[in-house]
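What follows is a set of notes on a single structure, which appears directly below.
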Amino acid sequence: MADKIMIDPITRIEGHLAVEVEVEGGVVVDAKSMGMMFRGMELIMRGRDPRDAQQIMQRICGV
Amino acid sequence: MPTKLSRRDFIRLCAGGAAAISLSSYLAPFMAEAVAAGAPPVLWIQGGSCTGCSISILNTVSPDIEKVLTEVISLRYHPNISAAAGDLAIQEALYKTAEEFKGQFFLVVEGAVPVAADGMYCIIGEKDGQHLTFERAVKEIGSQAAAILNFGTCSAFGGIPATPPNPTKCKPVSEIVKTVPIVNVPGCPPHPDWMIGTIAHVLLYGDVPEVDSFGRPKMFFGGIIHDNCPRRQYFDNAIFAKNFGDPGCLLEIGCKGPIAHCDSTTRLWNGGVNWCIKAGAPCIACTEPQFPGWPMYERIPEMPIAPAMTATIDQIGGVLGAAAVLGIGGHLAGNIATGRIGPKKNDAEKEGDN
């Protein structure tokens with residue numbers, strides 16, 4: 001039987017990341033990483049002046 | 001919190017915006033003293049944000065950010081810095097501090113609060129085997145804080161994630177927690193001095209600074225860009241830039257300076273090196289509640305010109321306080337009379353659009 005280890009949040013990175021690891025007998029058998037935030041930037045840009053993209057899309061990530 | 005720095009001097013220091021001199025270098029010794037004397041801790045959480053506000057605060061110079069974070073502020077949790085991850089971060093660093101310092105600690109919130117799908121568009125961790133949504137964290141932690149400091153336009157007013165059609169139904173923090181004093185420090189991102197100055201005020205005096213009708217500290221957001229703009233002489237002489245890089249007032253290529261409240265004109269950015277308009281970029285009014293609900297590179301559709309023109313003011317919406325409208329109206333009315341500001345030119349006359 002595999003043990004599930006969930007680490008959420010992963011700190012010291014930008015954004016919201018979670019990691020789920022399955023361990024069986026001391027061996028990692030499966031691992032998932034998950035981005036835990038969604039803002040819909042593409043949906044926000046729809047219908048806007050194309051020149052606004054440089055201001056809005058750069059704010060996907062401020063790092 | 002007793003401190004040798006009087007409120008009057010503090011406000012003068014913050015509002016002065018002495019160019020090229022770091023505000024934090026003045027404040028740091030007083031803040032370090034306050035922390036040593038047992039000033040309450042600060043918790044910092046991030047939601048629907050880009051982390052740009054945290055990055056902006058890194059621009060704090062002299063003392064550098066390392067000293068600010070380790071000696072000047074008792075920062076118990078920050079997602080980008082905390083060594084603790086997972087349960088340790090949420091249970092021990094976040095919730096335990098909130099419980100221990102209930103009603104005393106200050107909560108810094110960066111990022112808007114998505115409430116669609118029960119807040120599942122932003123999950124900041126796991127608590128008791130359940131997803132901890134940002135909405136829940138803001139409610140639970142925020143309601144125990146002495147005050148909430150909203151750093152950035154997203155947490156203050158909704159900002160970019162709350163722009164129509166607002167796919168994740170993002171809300172500002174003030175609509176989630178209503179029982180705690182809130183200070184809005186908008187900006188996309190805010191100037192490091194605005195953030196350090198606001199934290200300093202709450203740590204040194206234990207209460208929130210005086211704010212305007214949108215919750216912004218008056219010491220930083222009292223002025224309007226247009227009033228102190230280095231290109232103001234161009235405006236007064238009716239010289240308008242038609243393209244980027246032209247000399248002239250940037251109004252025609254989209255500058256929102258006449259409706260933007262902040263002190264960047266005198267404070268400058270990047271340690272006093274430069275700022276938006278000095279670099280030739282039209283102001284996008286990132287400190288205003290409606291940002292970014294307007295086309296950024298189009299002339300402001302209607303300028304509020306006089307108090308009597310209420311329809312115009314309504315169109316501009318809640319952006320301007322009545323006092324600001326009066327202030328702007330005064331000098332703009334003259335300019336309209338002399339034809340400097342007229343109806344928007346038709347496309348055929350506009351250069352640079354093709």
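Ordered as shown in the structure tokens, chains take letters A, B, and onward, while each chain numbers its residues from 1 and ligands are numbered from 1 in the order shown.
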
Notebook entry, point to check: When DSSP works through the backbone of this structure, what residues of chain A end up as alpha helix (DSSP H), shown as an MDAnalysis selection string?
Noted result: chainID A and resid 41:45 53:56

List every residue of chain B that has an atom at most 7 Å from any atom of chain A, and for each one report the closest atom pair and its distance in Å to one decimal, counting only C-alpha atoms, with rows sorted by chain and then by increasing residue number, as a tab-separated table.
```
residue	atom	partner	partner_atom	distance
B:Gly48	CA	A:Arg39	CA	6.7
B:Cys50	CA	A:Cys61	CA	4.4
B:Thr51	CA	A:Gly62	CA	5.3
B:Gly52	CA	A:Gly62	CA	3.8
B:Ile55	CA	A:Val63	CA	6.2
B:Pro79	CA	A:Thr11	CA	5.1
B:Asn80	CA	A:Arg12	CA	4.1
B:Ile81	CA	A:Arg12	CA	5.0
B:Ser82	CA	A:Thr11	CA	6.3
B:Ala83	CA	A:Thr11	CA	6.9
B:Ala84	CA	A:Thr11	CA	6.9
B:Ala85	CA	A:Ile10	CA	5.3
B:Gly86	CA	A:Asp8	CA	4.4
B:Tyr121	CA	A:Phe38	CA	5.3
B:Cys122	CA	A:Met37	CA	4.3
B:Ile123	CA	A:Met36	CA	5.3
B:Ile124	CA	A:Pro9	CA	6.2
B:Gly125	CA	A:Asp8	CA	4.6
B:Glu126	CA	A:Asp8	CA	5.5
B:Pro161	CA	A:Arg39	CA	5.7
B:Thr163	CA	A:Ile44	CA	6.3
B:Pro164	CA	A:Ile44	CA	6.4
B:Pro165	CA	A:Ile44	CA	6.2
B:Asn166	CA	A:Ile44	CA	6.8
B:Pro167	CA	A:Gly40	CA	5.9
B:Thr168	CA	A:Arg39	CA	6.1
B:Pro295	CA	A:Asp49	CA	6.5
B:Met296	CA	A:Asp52	CA	5.9
```

Next item on the list: Report the residues of range 56-299 of chain B whose backbone DSSP state falls under strand (DSSP E), written as a count of residues only.
Entry: 30

Item checked: Contacts of Ala260 in chain B at 7 Å (only C-alpha atoms; same-chain gap of 2+ positions) as an MDAnalysis selection string -> chainID B and resid 224:225 256:258 262 285 287:288

Write to file, as a compact mmCIF listing (two decimals), in the first residue's frame, the residues of the selection just made, with all heavy atoms.
```txt
# COMPACT_ATOMS: atom_id res chain seq x y z
N ILE B 224 -1.77 64.23 -7.04
CA ILE B 224 -2.12 63.70 -8.36
C ILE B 224 -0.90 63.85 -9.27
O ILE B 224 -0.22 64.88 -9.25
CB ILE B 224 -3.34 64.46 -8.93
CG1 ILE B 224 -4.59 64.10 -8.13
CG2 ILE B 224 -3.54 64.15 -10.40
CD1 ILE B 224 -5.80 64.89 -8.49
N ILE B 225 -0.64 62.81 -10.04
CA ILE B 225 0.53 62.80 -10.92
C ILE B 225 0.59 64.06 -11.79
O ILE B 225 1.61 64.73 -11.90
CB ILE B 225 0.50 61.55 -11.83
CG1 ILE B 225 0.76 60.27 -11.01
CG2 ILE B 225 1.51 61.66 -12.97
CD1 ILE B 225 2.16 60.09 -10.55
N LYS B 256 -2.75 58.59 -17.94
CA LYS B 256 -3.86 58.74 -16.99
C LYS B 256 -3.43 59.56 -15.78
O LYS B 256 -4.07 59.53 -14.73
CB LYS B 256 -4.35 57.36 -16.53
CG LYS B 256 -4.70 56.38 -17.66
CD LYS B 256 -5.87 56.84 -18.49
CE LYS B 256 -6.27 55.83 -19.55
NZ LYS B 256 -5.30 55.65 -20.62
N GLY B 257 -2.33 60.30 -15.94
CA GLY B 257 -1.82 61.13 -14.84
C GLY B 257 -2.86 62.01 -14.17
O GLY B 257 -2.86 62.16 -12.96
N PRO B 258 -3.79 62.60 -14.94
CA PRO B 258 -4.76 63.50 -14.30
C PRO B 258 -5.71 62.81 -13.33
O PRO B 258 -6.40 63.48 -12.57
CB PRO B 258 -5.55 64.07 -15.50
CG PRO B 258 -4.60 63.98 -16.64
CD PRO B 258 -3.80 62.73 -16.41
N CYS B 262 -0.69 59.42 -6.52
CA CYS B 262 0.48 58.87 -5.85
C CYS B 262 1.59 59.91 -5.92
O CYS B 262 1.41 60.98 -6.50
CB CYS B 262 0.93 57.54 -6.43
SG CYS B 262 1.74 57.65 -8.02
N ALA B 285 -2.23 54.80 -14.28
CA ALA B 285 -3.06 55.00 -13.07
C ALA B 285 -3.26 53.70 -12.31
O ALA B 285 -4.37 53.35 -11.94
CB ALA B 285 -4.41 55.62 -13.44
N THR B 287 -2.69 53.00 -9.38
CA THR B 287 -3.08 53.10 -7.97
C THR B 287 -4.57 53.38 -7.81
O THR B 287 -5.04 53.57 -6.70
CB THR B 287 -2.31 54.24 -7.27
OG1 THR B 287 -2.59 55.46 -7.96
CG2 THR B 287 -0.82 54.00 -7.28
N GLU B 288 -5.29 53.41 -8.92
CA GLU B 288 -6.71 53.77 -8.86
C GLU B 288 -7.61 52.53 -8.79
O GLU B 288 -7.29 51.49 -9.34
CB GLU B 288 -7.08 54.62 -10.08
CG GLU B 288 -6.38 55.96 -10.10
CD GLU B 288 -6.61 56.77 -8.82
OE1 GLU B 288 -7.77 56.85 -8.36
OE2 GLU B 288 -5.64 57.29 -8.26
```

Note to self: Can you pull out the residues contacting Pro181 in chain B? Cut-off 12 Å, using only C-alpha atoms, and skip same-chain residues under 2 positions away; I want them as a list in words.
What the structure shows: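 Result of the neighbour search: Gly103, Phe106, Leu107, Gly142, Ser143, Gln144, Ala145, Ala146, Ala147, Ile148, Leu149, Asn150, Val173, Ser174, Val177, Lys178, Thr179, Val183, Asn184, Val202, Gly206, Asp207, Val208, Pro209, Glu210, Val211 and Gly215 of chain B.
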
How would the residues just picked look written out with C-alpha atoms as an mmCIF file, in the first residue's frame?
```cif
data_model
loop_
_atom_site.group_PDB
_atom_site.id
_atom_site.type_symbol
_atom_site.label_atom_id
_atom_site.label_comp_id
_atom_site.auth_asym_id
_atom_site.auth_seq_id
_atom_site.Cartn_x
_atom_site.Cartn_y
_atom_site.Cartn_z
ATOM 1 C CA GLY B 103 -5.911 40.985 17.792
ATOM 2 C CA PHE B 106 -0.745 42.716 11.260
ATOM 3 C CA LEU B 107 -1.741 40.831 8.155
ATOM 4 C CA GLY B 142 -7.760 38.416 8.643
ATOM 5 C CA SER B 143 -10.584 38.573 11.161
ATOM 6 C CA GLN B 144 -8.069 37.999 13.975
ATOM 7 C CA ALA B 145 -5.613 40.680 12.874
ATOM 8 C CA ALA B 146 -5.169 44.110 14.446
ATOM 9 C CA ALA B 147 -5.293 45.510 10.925
ATOM 10 C CA ILE B 148 -5.024 44.299 7.363
ATOM 11 C CA LEU B 149 -2.539 45.952 5.041
ATOM 12 C CA ASN B 150 -3.468 45.406 1.415
ATOM 13 C CA VAL B 173 -10.022 42.004 0.694
ATOM 14 C CA SER B 174 -12.312 44.750 1.999
ATOM 15 C CA VAL B 177 -13.303 40.955 5.913
ATOM 16 C CA LYS B 178 -15.315 43.881 7.205
ATOM 17 C CA THR B 179 -14.603 43.834 10.915
ATOM 18 C CA VAL B 183 -5.216 50.081 4.784
ATOM 19 C CA ASN B 184 -4.961 49.971 1.017
ATOM 20 C CA VAL B 202 1.366 50.430 12.227
ATOM 21 C CA GLY B 206 -0.104 50.601 16.707
ATOM 22 C CA ASP B 207 -2.808 52.053 14.480
ATOM 23 C CA VAL B 208 -3.405 52.689 10.822
ATOM 24 C CA PRO B 209 -2.304 55.909 9.131
ATOM 25 C CA GLU B 210 -4.791 58.521 8.004
ATOM 26 C CA VAL B 211 -6.416 57.341 4.783
ATOM 27 C CA GLY B 215 -8.403 53.637 2.167
#
```

Check: CA of Ile65 in chain B and CA of Ile196 in chain B, how far apart in Å?
Finding: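 If I compute the distance from CA of Ile196 in chain B to CA of Ile65 in chain B, I get 10.4 Å.
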
Item checked: Interatomic distance, CA of Cys229 in chain B to CA of Ser155 in chain B (Å, one decimal) ->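 These two atoms are separated by 27.4 Å.
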